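Engineer: upload.txt is reproduced below (compact mmCIF, C-alpha atoms).
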```txt
# COMPACT_ATOMS: atom_id res chain seq x y z
CA MET A 1 24.29 5.63 -1.02
CA ARG A 2 21.81 6.81 -3.61
CA GLU A 3 18.93 8.93 -2.32
CA LEU A 4 15.59 9.33 -4.10
CA TYR A 5 13.51 12.34 -3.10
CA GLU A 6 9.90 11.46 -3.87
CA LEU A 7 6.41 12.77 -3.19
CA CYS A 8 4.47 11.33 -0.26
CA GLY A 9 1.10 11.80 1.38
CA THR A 10 0.18 12.02 5.06
CA ALA A 11 1.85 8.64 5.56
CA PRO A 12 5.51 9.04 4.47
CA GLU A 13 5.69 5.42 3.32
CA VAL A 14 2.97 6.03 0.70
CA VAL A 15 4.82 7.54 -2.25
CA PHE A 16 2.62 8.23 -5.23
CA SER A 17 4.17 10.49 -7.87
CA PRO A 18 4.11 8.71 -11.26
CA TYR A 19 7.44 10.31 -12.17
CA CYS A 20 9.04 9.09 -8.95
CA TRP A 21 7.64 5.61 -9.58
CA ARG A 22 9.38 5.64 -12.95
CA VAL A 23 12.70 6.16 -11.19
CA ARG A 24 11.94 3.55 -8.52
CA LEU A 25 11.28 1.00 -11.25
CA ALA A 26 14.40 2.05 -13.17
CA LEU A 27 16.56 1.61 -10.06
CA ALA A 28 15.00 -1.81 -9.48
CA HIS A 29 15.73 -2.71 -13.11
CA LYS A 30 19.39 -1.80 -12.60
CA GLY A 31 19.55 -3.66 -9.27
CA LEU A 32 20.62 -0.45 -7.49
CA ASP A 33 19.88 0.15 -3.82
CA PHE A 34 18.59 3.54 -2.72
CA VAL A 35 17.22 5.35 0.31
CA SER A 36 13.79 6.95 -0.05
CA ARG A 37 13.56 10.58 1.08
CA PRO A 38 9.82 11.33 1.19
CA VAL A 39 8.81 14.97 0.76
CA ARG A 40 5.43 16.65 0.69
CA PHE A 41 4.08 19.18 -1.77
CA THR A 42 5.07 22.16 0.37
CA ASP A 43 8.50 20.84 1.43
CA LYS A 44 10.24 22.99 -1.16
CA GLU A 45 13.26 23.66 1.05
CA ALA A 46 14.04 19.95 1.16
CA LEU A 47 14.75 20.12 -2.59
CA ALA A 48 16.65 23.42 -2.62
CA PHE A 49 19.98 21.61 -3.05
CA SER A 50 18.80 20.42 -6.50
CA GLY A 51 18.31 23.97 -7.82
CA GLN A 52 14.61 23.48 -8.54
CA LYS A 53 11.38 22.49 -6.76
CA LEU A 54 10.11 19.29 -8.37
CA VAL A 55 10.48 15.57 -7.68
CA PRO A 56 11.91 13.13 -8.51
CA VAL A 57 15.40 14.13 -7.45
CA LEU A 58 18.12 11.49 -7.40
CA ARG A 59 21.33 12.12 -5.49
CA ASP A 60 24.07 9.63 -6.33
CA GLY A 61 27.26 10.60 -4.48
CA GLU A 62 28.23 14.04 -5.80
CA THR A 63 25.73 13.89 -8.68
CA THR A 64 22.24 15.38 -8.37
CA LEU A 65 19.61 14.98 -11.08
CA HIS A 66 15.94 15.70 -11.61
CA ASP A 67 13.47 14.78 -14.38
CA SER A 68 12.73 11.10 -14.83
CA LEU A 69 14.06 10.75 -18.38
CA ALA A 70 17.27 12.59 -17.51
CA ILE A 71 17.67 10.14 -14.63
CA PHE A 72 17.12 7.20 -17.02
CA ARG A 73 19.89 8.55 -19.25
CA TYR A 74 22.25 9.05 -16.30
CA LEU A 75 21.63 5.54 -14.99
CA ASP A 76 22.44 4.06 -18.39
CA GLU A 77 25.65 6.10 -18.62
CA ARG A 78 26.78 5.49 -15.04
CA TYR A 79 25.58 1.87 -14.76
CA PRO A 80 25.54 0.53 -18.34
CA GLY A 81 24.31 -2.99 -17.61
CA HIS A 82 20.60 -3.70 -18.31
CA SER A 83 19.96 -0.67 -20.52
CA LEU A 84 16.83 1.39 -19.96
CA LEU A 85 16.95 3.49 -23.14
CA GLY A 86 18.62 1.21 -25.65
CA GLY A 87 20.77 4.03 -27.02
CA ALA A 88 20.02 7.46 -28.51
CA SER A 89 17.17 6.21 -30.70
CA GLY A 90 15.64 4.57 -27.65
CA GLU A 91 15.63 7.85 -25.78
CA SER A 92 13.85 9.54 -28.70
CA ARG A 93 11.23 6.78 -28.64
CA LEU A 94 10.67 7.21 -24.91
CA ARG A 95 10.33 10.98 -25.31
CA LEU A 96 7.61 10.41 -27.90
CA ILE A 97 5.86 7.97 -25.55
CA ASP A 98 6.14 10.57 -22.79
CA GLN A 99 4.35 13.12 -24.97
CA LEU A 100 1.57 10.67 -25.74
CA ILE A 101 1.18 9.90 -22.03
CA ALA A 102 0.88 13.61 -21.28
CA GLN A 103 -1.81 13.94 -23.92
CA ASP A 104 -3.98 10.93 -23.10
CA LEU A 105 -3.16 8.70 -20.13
CA ARG A 106 -2.16 11.29 -17.54
CA PRO A 107 -5.26 13.53 -17.94
CA ALA A 108 -7.60 10.53 -17.78
CA LEU A 109 -6.02 9.17 -14.60
CA PHE A 110 -5.79 12.60 -13.00
CA ARG A 111 -9.53 13.08 -13.39
CA LEU A 112 -10.08 9.79 -11.57
CA LEU A 113 -7.44 10.37 -8.88
CA VAL A 114 -7.61 14.07 -8.06
CA LEU A 115 -9.94 13.74 -5.07
CA ARG A 116 -7.97 10.76 -3.77
CA ILE A 117 -4.82 12.87 -3.89
CA GLN A 118 -6.56 15.72 -2.06
CA ALA A 119 -7.71 13.31 0.66
CA CYS A 120 -4.41 11.43 1.02
CA ILE A 121 -1.95 14.31 1.21
CA ASP A 122 -0.86 15.98 4.41
CA PRO A 123 -3.46 18.50 5.68
CA ALA A 124 -0.81 21.22 5.48
CA ASP A 125 -0.59 20.62 1.71
CA ARG A 126 -4.30 20.62 0.91
CA ASP A 127 -4.82 24.35 0.41
CA TYR A 128 -1.76 24.52 -1.83
CA PHE A 129 -2.86 21.53 -3.88
CA ARG A 130 -6.43 22.76 -4.26
CA GLN A 131 -5.53 26.34 -5.16
CA SER A 132 -2.75 25.45 -7.61
CA ARG A 133 -4.74 22.74 -9.40
CA GLU A 134 -7.99 24.67 -9.53
CA LYS A 135 -6.13 27.63 -11.04
CA SER A 136 -4.68 25.33 -13.70
CA LEU A 137 -7.96 23.52 -14.37
CA GLY A 138 -10.17 26.60 -14.31
CA MET A 139 -12.72 24.81 -12.11
CA SER A 140 -13.09 23.18 -8.71
CA LEU A 141 -11.56 19.78 -8.04
CA GLU A 142 -15.04 18.39 -7.48
CA ALA A 143 -16.29 19.68 -10.85
CA PHE A 144 -13.26 18.23 -12.61
CA ALA A 145 -13.53 14.82 -10.91
CA ASP A 146 -16.23 13.44 -13.21
CA ARG A 147 -15.76 9.70 -12.76
CA GLU A 148 -17.88 8.64 -15.72
CA ALA A 149 -16.01 10.99 -18.06
CA GLY A 150 -12.69 9.89 -16.57
CA GLN A 151 -13.43 6.20 -17.13
CA ALA A 152 -14.43 6.86 -20.74
CA GLN A 153 -11.28 8.92 -21.30
CA LEU A 154 -9.14 6.19 -19.72
CA ALA A 155 -10.74 3.47 -21.85
CA ARG A 156 -9.74 5.39 -24.98
CA ALA A 157 -6.19 5.96 -23.67
CA LEU A 158 -5.77 2.24 -22.91
CA GLN A 159 -6.83 1.00 -26.36
CA PRO A 160 -3.33 1.09 -27.97
CA LEU A 161 -1.77 -0.40 -24.84
CA ASN A 162 -4.25 -3.27 -24.77
CA ALA A 163 -3.67 -3.89 -28.48
CA GLN A 164 0.11 -4.04 -28.01
CA LEU A 165 -0.01 -6.14 -24.84
CA ALA A 166 -2.51 -8.62 -26.26
CA GLY A 167 0.40 -10.37 -27.97
CA HIS A 168 3.34 -9.40 -25.76
CA ARG A 169 4.22 -9.80 -22.10
CA TRP A 170 6.11 -6.49 -21.99
CA LEU A 171 6.10 -3.27 -23.96
CA ASP A 172 9.86 -3.53 -24.42
CA GLY A 173 10.02 -7.15 -25.58
CA ALA A 174 10.83 -10.33 -23.71
CA ALA A 175 11.63 -8.52 -20.45
CA PRO A 176 10.49 -5.26 -18.84
CA GLY A 177 12.37 -2.14 -19.91
CA GLY A 178 12.27 1.62 -20.16
CA ALA A 179 8.88 1.87 -21.90
CA ASP A 180 7.27 -0.38 -19.27
CA TYR A 181 8.60 1.82 -16.47
CA LEU A 182 7.79 5.08 -18.24
CA ILE A 183 4.14 4.10 -18.63
CA GLY A 184 3.98 1.87 -15.56
CA GLY A 185 4.76 4.79 -13.29
CA PHE A 186 1.28 6.12 -13.98
CA PHE A 187 -0.32 2.80 -13.07
CA PHE A 188 1.61 2.79 -9.79
CA TRP A 189 0.31 6.33 -9.25
CA ALA A 190 -3.23 4.97 -9.14
CA TRP A 191 -2.30 1.75 -7.33
CA SER A 192 -0.43 3.50 -4.50
CA LEU A 193 -3.43 5.80 -4.00
CA GLY A 194 -5.66 2.73 -3.55
CA GLU A 195 -7.26 2.77 -7.00
CA GLN A 196 -7.30 0.36 -9.95
CA PRO A 197 -9.45 1.99 -12.64
CA TRP A 198 -8.40 -0.42 -15.43
CA PRO A 199 -10.07 -3.84 -15.98
CA GLU A 200 -8.36 -6.67 -14.11
CA ASP A 201 -9.04 -9.15 -16.93
CA SER A 202 -7.60 -6.97 -19.73
CA PRO A 203 -4.12 -7.29 -21.30
CA VAL A 204 -3.19 -4.10 -19.44
CA GLY A 205 -4.43 -5.65 -16.20
CA ALA A 206 -2.27 -8.76 -16.72
CA TRP A 207 0.73 -6.60 -17.65
CA PHE A 208 0.38 -4.50 -14.51
CA ARG A 209 0.19 -7.63 -12.33
CA ARG A 210 3.50 -8.76 -13.84
CA LEU A 211 5.03 -5.32 -13.30
CA LEU A 212 3.77 -5.22 -9.71
CA ALA A 213 5.27 -8.65 -9.04
CA PHE A 214 8.59 -7.52 -10.55
CA CYS A 215 8.55 -4.40 -8.38
CA GLU A 216 7.67 -6.17 -5.13
CA GLU A 217 10.26 -8.87 -5.74
CA ARG A 218 12.98 -6.22 -5.95
CA LEU A 219 11.71 -3.39 -3.74
CA GLY A 220 9.29 -5.06 -1.32
CA PRO A 221 5.53 -4.57 -0.91
CA VAL A 222 4.03 -1.40 -2.36
CA GLN A 223 2.53 0.72 0.38
CA ARG A 224 -0.96 1.90 -0.53
CA ALA A 225 -3.11 4.66 0.86
CA ALA A 226 -5.81 3.59 3.29
CA ALA A 227 -9.39 3.35 2.09
CA ILE A 228 -11.40 6.57 2.49
```
The structure in this file should be written as structure tokens.

Structural biologist:
Amino acid sequence: MRELYELCGTAPEVVFSPYCWRVRLALAHKGLDFVSRPVRFTDKEALAFSGQKLVPVLRDGETTLHDSLAIFRYLDERYPGHSLLGGASGESRLRLIDQLIAQDLRPALFRLLVLRIQACIDPADRDYFRQSREKSLGMSLEAFADREAGQAQLARALQPLNAQLAGHRWLDGAAPGGADYLIGGFFFWAWSLGEQPWPEDSPVGAWFRRLLAFCEERLGPVQRAAAI
């Protein structure tokens, strides 16, 4: 049985890492069952078998992998039906998309979600999360979490997505594919934390509703963090 080690909050059923959501969606795309193994930020020993400390980690029999794009590649090689990458050129395209996400979409969403993450994670993780992120940011979480600036930053990041989705149901064509899951993982990040900072009536909003329906049809209802 495949096992997916993924980041959770206080409630183990609320998994929220965008990179883990990528893999969840990829497994659903392939029609592959898996067992969720929720871990918290400070559960580093639970991942020691993988030789590193980050999620997602997928264990498939004797094979252990980490990094979402490496897992996409493995799934296409091991289970070739319903391709995620569409070949070598497809992987290069997804790596470019990944870089653009890291530059624009991820920072915008993190500004809007950082205090939600701090509130939703296990109390034992909160000092670690605060100290590590404040060191990286060079400021307090509260100073960074400027909602007005975050919404403006997100609006700019969503412009090319809205333009593309205005005339297409999916980023990858007639059906959802690797690009939808690569980007969609970040929307599930917000959604699982109880947020929806994008307009419901936008092309992106309609696309996410389709992706959510696809996910829940195959994996069941998405567990969301309680309101705070």

Engineer: Can you pull out every residue within 7 Å of A:Val55, counting only C-alpha atoms, but drop anything in the same chain fewer than 6 positions away, and send it as a tab-separated table (two decimals) with C-alpha atoms, keeping the file's coordinate frame?

Structural biologist:
```
chain	number	residue	atom	x	y	z
A	5	TYR	CA	13.51	12.34	-3.10
A	6	GLU	CA	9.90	11.46	-3.87
A	7	LEU	CA	6.41	12.77	-3.19
A	20	CYS	CA	9.04	9.09	-8.95
A	66	HIS	CA	15.94	15.70	-11.61
```

Engineer: Tell me which of A:Leu141, A:Leu96, A:Cys8, A:Ala157 sits closest to A:Gln118, counting all atoms listed in the file.

Structural biologist: A:Leu141

Engineer: Within 12 Å of A:Asp76, counting all atoms listed in the file, which residues show up once you throw out same-chain ones fewer than 3 positions away? Write them as a PyMOL selection string, please.

Structural biologist: chain A and resi 26-27+29-30+32+69-73+79-88+90-91+177-178

Engineer: How far is it from atom CA of A:Leu219 to atom CA of A:Arg37, in Å with one decimal?

Structural biologist: 14.9 Å

Engineer: For a quick check of understanding, using all atoms listed in the file, which of A:Trp198, A:Phe214, A:Phe187, A:Phe49 has the smallest distance to A:Gln151?

Structural biologist: A:Trp198

Engineer: Tell me, as a PyMOL selection string, which residues lie within 12 Å of A:Gln164, counting all atoms listed in the file; anything in the same chain fewer than 4 positions away does not count.

Structural biologist: chain A and resi 158-160+168-173+180+202-204+207

Engineer: Pick the closest to A:Val35 from A:Ser17, A:Lys53, A:Met1, A:Leu94: which is it, counting all atoms listed in the file?

Structural biologist: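 Under the stated criterion, the closest residue is A:Met1.
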
Engineer: Need the shell around A:Pro18: protein/DNA/RNA residues with any atom at most 6 Å away, counting all atoms listed in the file. Skip same-chain ones fewer than 3 positions apart. Format as a list in words?

Structural biologist: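 Non-adjacent residues within range: Trp21, Gly185, Phe186 and Trp189 of chain A.
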
Engineer: Figure out the distance between atom CA of A:Ala48 and atom CA of A:Arg224, please, to one decimal in Å.

Structural biologist: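 Spanning atom CA of A:Arg224 to atom CA of A:Ala48 is a straight-line distance of 27.9 Å.
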
Engineer: Using only C-alpha atoms, can you tell me which of A:Leu54, A:Met139, A:Leu211, A:Leu165 comes closest to A:Asp67?

Structural biologist: A:Leu54

Engineer: Mind giving me the straight-line distance from atom CA of A:Glu148 to atom CA of A:Ala108 in Å, one decimal?

Structural biologist: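 It comes out at 10.7 Å.
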
Engineer: Taking 6 positions as the minimum chain separation for residues in the same chain, which residues sit within 12 Å of A:Ala213 when counting only C-alpha atoms? Answer as a ChimeraX atom specification.

Structural biologist: /A:25,28,176,206-207,219-222

Engineer: So which one's closest to A:Ala166, A:Gly31, A:Pro197, A:Gly150, A:Gly205? Using all atoms listed in the file, please.

Structural biologist: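 Smallest distance to A:Ala166 is found for A:Gly205.
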
Engineer: So, with only C-alpha atoms as the atoms that count, which of A:Ala124, A:Ala155, A:Val114, A:Ala226 lies closest to A:Pro199?

Structural biologist: A:Ala155

Engineer: Could you extract stretch 102-119 of chain A of the given structure into a file holding N, CA, C and O atoms, as an mmCIF file, in the first residue's frame?

Structural biologist:
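And here's selection_5.cif as it stands now:
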```cif
data_model
loop_
_atom_site.group_PDB
_atom_site.id
_atom_site.type_symbol
_atom_site.label_atom_id
_atom_site.label_comp_id
_atom_site.auth_asym_id
_atom_site.auth_seq_id
_atom_site.Cartn_x
_atom_site.Cartn_y
_atom_site.Cartn_z
ATOM 1 N N ALA A 102 6.828 30.032 -7.295
ATOM 2 C CA ALA A 102 7.686 30.416 -6.171
ATOM 3 C C ALA A 102 7.930 31.921 -6.151
ATOM 4 O O ALA A 102 8.104 32.519 -5.084
ATOM 5 N N GLN A 103 7.901 32.531 -7.317
ATOM 6 C CA GLN A 103 8.173 33.965 -7.411
ATOM 7 C C GLN A 103 6.950 34.812 -7.090
ATOM 8 O O GLN A 103 7.089 35.894 -6.486
ATOM 9 N N ASP A 104 5.761 34.354 -7.484
ATOM 10 C CA ASP A 104 4.574 35.209 -7.399
ATOM 11 C C ASP A 104 3.460 34.660 -6.502
ATOM 12 O O ASP A 104 3.056 35.312 -5.542
ATOM 13 N N LEU A 105 2.941 33.488 -6.836
ATOM 14 C CA LEU A 105 1.753 32.979 -6.154
ATOM 15 C C LEU A 105 2.039 32.591 -4.714
ATOM 16 O O LEU A 105 1.284 32.953 -3.802
ATOM 17 N N ARG A 106 3.102 31.824 -4.491
ATOM 18 C CA ARG A 106 3.390 31.362 -3.135
ATOM 19 C C ARG A 106 3.602 32.520 -2.152
ATOM 20 O O ARG A 106 3.005 32.520 -1.066
ATOM 21 N N PRO A 107 4.436 33.534 -2.470
ATOM 22 C CA PRO A 107 4.624 34.628 -1.507
ATOM 23 C C PRO A 107 3.335 35.384 -1.194
ATOM 24 O O PRO A 107 3.104 35.790 -0.047
ATOM 25 N N ALA A 108 2.492 35.572 -2.216
ATOM 26 C CA ALA A 108 1.233 36.285 -1.987
ATOM 27 C C ALA A 108 0.332 35.506 -1.042
ATOM 28 O O ALA A 108 -0.233 36.064 -0.085
ATOM 29 N N LEU A 109 0.178 34.213 -1.294
ATOM 30 C CA LEU A 109 -0.678 33.400 -0.425
ATOM 31 C C LEU A 109 -0.084 33.263 0.976
ATOM 32 O O LEU A 109 -0.824 33.271 1.964
ATOM 33 N N PHE A 110 1.230 33.143 1.065
ATOM 34 C CA PHE A 110 1.841 32.988 2.391
ATOM 35 C C PHE A 110 1.582 34.216 3.255
ATOM 36 O O PHE A 110 1.314 34.093 4.452
ATOM 37 N N ARG A 111 1.620 35.381 2.666
ATOM 38 C CA ARG A 111 1.325 36.597 3.430
ATOM 39 C C ARG A 111 -0.093 36.552 4.001
ATOM 40 O O ARG A 111 -0.347 37.000 5.127
ATOM 41 N N LEU A 112 -1.015 35.996 3.229
ATOM 42 C CA LEU A 112 -2.415 35.931 3.653
ATOM 43 C C LEU A 112 -2.677 34.770 4.619
ATOM 44 O O LEU A 112 -3.646 34.819 5.385
ATOM 45 N N LEU A 113 -1.837 33.748 4.591
ATOM 46 C CA LEU A 113 -2.115 32.527 5.353
ATOM 47 C C LEU A 113 -1.247 32.355 6.592
ATOM 48 O O LEU A 113 -1.546 31.503 7.422
ATOM 49 N N VAL A 114 -0.201 33.138 6.724
ATOM 50 C CA VAL A 114 0.806 32.832 7.750
ATOM 51 C C VAL A 114 0.225 32.799 9.165
ATOM 52 O O VAL A 114 0.561 31.911 9.958
ATOM 53 N N LEU A 115 -0.672 33.708 9.482
ATOM 54 C CA LEU A 115 -1.247 33.700 10.831
ATOM 55 C C LEU A 115 -2.257 32.566 10.996
ATOM 56 O O LEU A 115 -2.426 32.054 12.118
ATOM 57 N N ARG A 116 -2.911 32.167 9.921
ATOM 58 C CA ARG A 116 -3.790 30.996 9.979
ATOM 59 C C ARG A 116 -2.973 29.743 10.261
ATOM 60 O O ARG A 116 -3.377 28.892 11.048
ATOM 61 N N ILE A 117 -1.822 29.623 9.605
ATOM 62 C CA ILE A 117 -0.966 28.466 9.852
ATOM 63 C C ILE A 117 -0.538 28.446 11.316
ATOM 64 O O ILE A 117 -0.621 27.415 11.993
ATOM 65 N N GLN A 118 -0.078 29.586 11.815
ATOM 66 C CA GLN A 118 0.376 29.668 13.196
ATOM 67 C C GLN A 118 -0.729 29.260 14.172
ATOM 68 O O GLN A 118 -0.471 28.590 15.177
ATOM 69 N N ALA A 119 -1.971 29.629 13.866
ATOM 70 C CA ALA A 119 -3.084 29.303 14.757
ATOM 71 C C ALA A 119 -3.522 27.848 14.636
ATOM 72 O O ALA A 119 -4.017 27.268 15.607
#
```
